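**Q** Have a look at the structure that comes next, please.
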Amino acid sequence: MTMTFFARCPAACRALLAPMALAACAALAHLAACAAPPEDMARRMAACITCHGRDGQATNSGYFPRLAGKPAGYLYEQLRSFRDGRRQQADMSHLLTNLSDAYLRDMAEYFASLDFPYPPPAASDLPAATLARGRELVFGGDAARALPACVRCHGEALTGVQPGIPSLLGLPRLYIASQLGAWVTGDRRAPAPDCMADVGRKLNNQDITAIAGWLAAQPVPAGAKPATALPGGLPVACSAMEAHR
Amino acid sequence: MKARRVLLRALLALLAVFVLLAVAVVALNLRGEDPVSDARAEDFVASPGQVERGRYLALAGNCAGCHTARGGPAYAGGRGIETPFGTLYTSNLTPEPLTGIGLWNADHFWRAMHNGRSRDGRLLYPAFPYTSFTQMTREDSDAIYAWLRTLPPAAQANRAHTLAFPYDTQAALAVWRAIFFTPGRFEPQAQRSAEWNRGAYLVGGLGHCIACHGTRNSLGATDTARGLVGGMLPGENWYAPALDAASEAGVAGWDTNEAVTLLKTGRTAHASVLGPMAEVVYRSTQYLSDADLRAMAVYLQALPQAPAAPPAPAGRRNEAVLQRGEKIYAQQCAWCHGERGEGVAGTFPPLAGNRAVNMRNASNLVQVVRRGGFLPATEGNPQPYGMPPFGHLLDDADIAAVLSYVRASWGNTGSEVTQREVMQR
C-alpha cells in the first residue's frame, strides 16, 4: 500500500524496454499512441489492478488470470474479444467498450513486455488419481475421443507459443476450469477457425477438473517464456496464430 | 322500456365518443405526412458528395451506436434498448432487401425519420428518437439514406421487441403519439447567429441530446419544454447531468474551446467523460468538424440557465459511516486520487471540488466505483486513463461509505450517499 502501487520497473528493465518501445513505435507508426513510456503505461493501466494485480501479476490463488508475460498477440485478441462480445465478462466488456484497436494493441504489448517471476503454486487438494488423469490428458490427450494433448499447441513446456497461444501455467485453477467450461458452452469464442472451440466441445466435467487441477498445481520454471515457434507446427488451423497479423 | 332506451342512448353516445377518439388518434398520427412515391430503391442515384455527407450525418446522429449489436455487423441492428416498458431491439439499416431497408425508397426513409412510421405503415417506437429527428431537413435525411444504401447488406433478421401489454400494441403507441408527438421542422431564429442556429439544429435534431439529458414522464415521453435539464437514462442507472446548470454539466461559464475539446477528445484539463457520454464521444462527436462542435458549444453555452439550486440542507453527519469511508478511501482510492482528493494533473482527476462528485444525483459515482471505466480513446487522447472496477472488492455499504466520505471532505458539499442508492443496479 505504498508508492510501489505502480510499476517501479528496475533500471535495467527500463533500459531494455525503452528501445523496444521505440522500435515498436517505428514499426507501428501510430506515433501519438507511442508517446507513453512504459512507466507511464503502468499508470494508464491502473484500471486493471483491482483484478489482475499490480503490473498484471495476479497470482494463481484467486480467479483472475495473470497478464504479465503472455504473448502480445494472444492478449490483443482477448481484449478485442471482450470488447466485441466473443468473450463474456461484464467488467471487461464495460471497460473496453470505447477503446480503439490501436490502444488495445498498446495494452497487449505492454503486458506482454513485463517479466516477473511467478510465485510457487498452492498445493492441490485433489486426489492423486485426478491429478494423474490431468497430467495424462495434458501430455497425451485422448485418442479415442480425438482429443489432442494440450502440449501439441501450447508448447512442450506449456508456456505458450508466440505470437498467439497462451501459457497454461501460473493460472488459477478456477480460471482454467471456467475457461474450459466456457469453450464447452460456447460462451467463449474466437474468430474462425476457432480451434479451441473444437477441442473444448469434447471435454466433460471430469476432464476439466483433472486438467485445471493439474495445471494449476505446476510450478512455473524460472525464466519461463512463450516458445518462439511450435516445432511440429499447429495440428489444426487456428485463428490464434493468424487473426492478429 | 324507458330505462332501456336511456341505456341504449348512453351506449350509443359512448360508442360515438370512442369512434371520435379513435378517428382523432388516427388523424393525429397522420399529421404532417408527405405522400410516399412508389419509386424503386435501386433507382436512387446519389448526388455528388451526398454519400459522404450522409456518412458524416450518421456519425453526428450516432445511428450506429444503437443500430449495431456488440461485435455485430455495423448498422445491422439487434442491440437491445432497455426501457421501463420492456426491451426494444434496434432494426437492420443495411440495404438488405428481406431483413434490412433494401426495399425502402428515400420517401419511406424520410417518413421514418420525420414521422416515425415504417415502410409498411407500422408506427415506430420513440426509442428511435424521431421525436428529435423530426426537426431534420429532408436534405439531411436523403443524405443519410444515400449513405446507408452504400453499406454492405447484412442478412440479419430483426428481433421482436419484448414489451409488456399494452405497450406492445400499435393502438397504445398510436395513442401515445397522438398525445406526445407532433412532427416538427427546425425553425431558425433570425435574431440568433448562424452558429447558434446550427448548434440548435444539431443538439435538438440529429444529436437527440434530450434523449438522455432531458426528463421523461411516466410514459417515457421527453419534456421538450423543459429541455436539457438532466435525467436518468431509461433502463439504466446512469444520470445524464443537466446541461443548463453550472452545478452539473453546464458549459455557460466555460471557454468555448474547452467545450469543443471535451466533445472532440473526451477530456480537457478540467473535465472528462465517462459512461454513456464516453460512448457518445467515442462513436459520434469525436468525428464532427470543429465548426459543428463549436456551434453545439455556442448553443449549449447560451441555454437559459437553471436557477441555482438552494444549498442542500446540511444533513446529519453519520460519523461511523464517514470513518468507514475514510479507511476505504485510504486503502483503495488515495493512490491515484491523492490523500486529500487532489488527484494528479492530467492523469487522475481531483475529487476535491469536482462538480461530478458533488452533484445531487450520485448514480454516476456509484457506477464508476462499482464498474470502473476508461475515458474514450480518441485521436486527441489515444491512450486514455481508466478507473478500475471495485464491485468485487467493495460491497454496497462500502461504496456508500466511501462516496459519502469523499462528498463530505476537502470542501466538497455533496450529501451522504445511502446504501439504498447504491443498491440500485
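Numbering starts fresh at 1 for the residues of each chain in the C-alpha cells, the chains themselves are lettered A, B, ... in the order given, and ligands are numbered from 1 as they appear.
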Can you check which parts of chain A lie within 6 Å of chain B? Per residue, the shortest pair of atoms and distance in Å to one decimal, counting only C-alpha atoms, sorted by chain and number, as CSV.
**A**
```
residue,atom,partner,partner_atom,distance
A:Ala33,CA,B:Pro382,CA,5.8
A:Arg44,CA,B:Tyr385,CA,4.6
A:Ala47,CA,B:Pro388,CA,3.6
A:Cys48,CA,B:Pro388,CA,5.9
A:Asp84,CA,B:Gly71,CA,4.0
A:Gly85,CA,B:Gly71,CA,5.6
A:Leu95,CA,B:Gly373,CA,4.9
A:Asn98,CA,B:Pro376,CA,5.0
A:Leu99,CA,B:Ala377,CA,5.0
A:Ser100,CA,B:Ala377,CA,5.9
A:Tyr103,CA,B:Gln383,CA,6.0
```
**Q** Give me, as a list in words, the residues of range 164-265 of chain B that a backbone DSSP run labels strand (DSSP E or B).
**A**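 Written out, the strand (DSSP E or B) residues of range 164-265 of chain B are Arg216, Thr222, Gly231, Met232, Tyr239 and Ala240 of chain B.
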**Q** Using DSSP on the backbone coordinates, identify all residues within range 140-309 of chain B classified as helix (DSSP H, G or I); present the result as number ranges by chain.
**A** B: 140-149, 170-180, 194-206, 210-213, 256-265, 276-283, 285-287, 290-301
**Q** Write out as a PyMOL selection string the residues lying within 9 Å of Leu293 in chain B, counting only C-alpha atoms and excluding same-chain residues fewer than 5 positions away.
**A** chain B and resi 199+259-261+263-264+285+288+298
**Q** Please produce a file of those selected residues containing C-alpha atoms, as a compact mmCIF listing (two decimals), in the first residue's frame.
**A**
```txt
# COMPACT_ATOMS: atom_id res chain seq x y z
CA GLY B 199 -25.88 24.27 -32.87
CA ALA B 259 -16.35 22.58 -24.56
CA VAL B 260 -15.28 21.76 -28.13
CA THR B 261 -12.25 19.86 -26.82
CA LEU B 263 -16.65 16.68 -27.27
CA LYS B 264 -13.71 16.13 -29.62
CA THR B 285 -18.76 13.64 -31.51
CA LEU B 288 -17.55 16.02 -36.02
CA VAL B 298 -22.11 28.02 -28.55
```
**Q** Quick one: pull the distance between CA of Cys212 in chain B and CA of Ala60 in chain B, Å, one decimal.
**A**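 Taking CA of Cys212 in chain B as the start and CA of Ala60 in chain B as the end point, the length is 15.4 Å.
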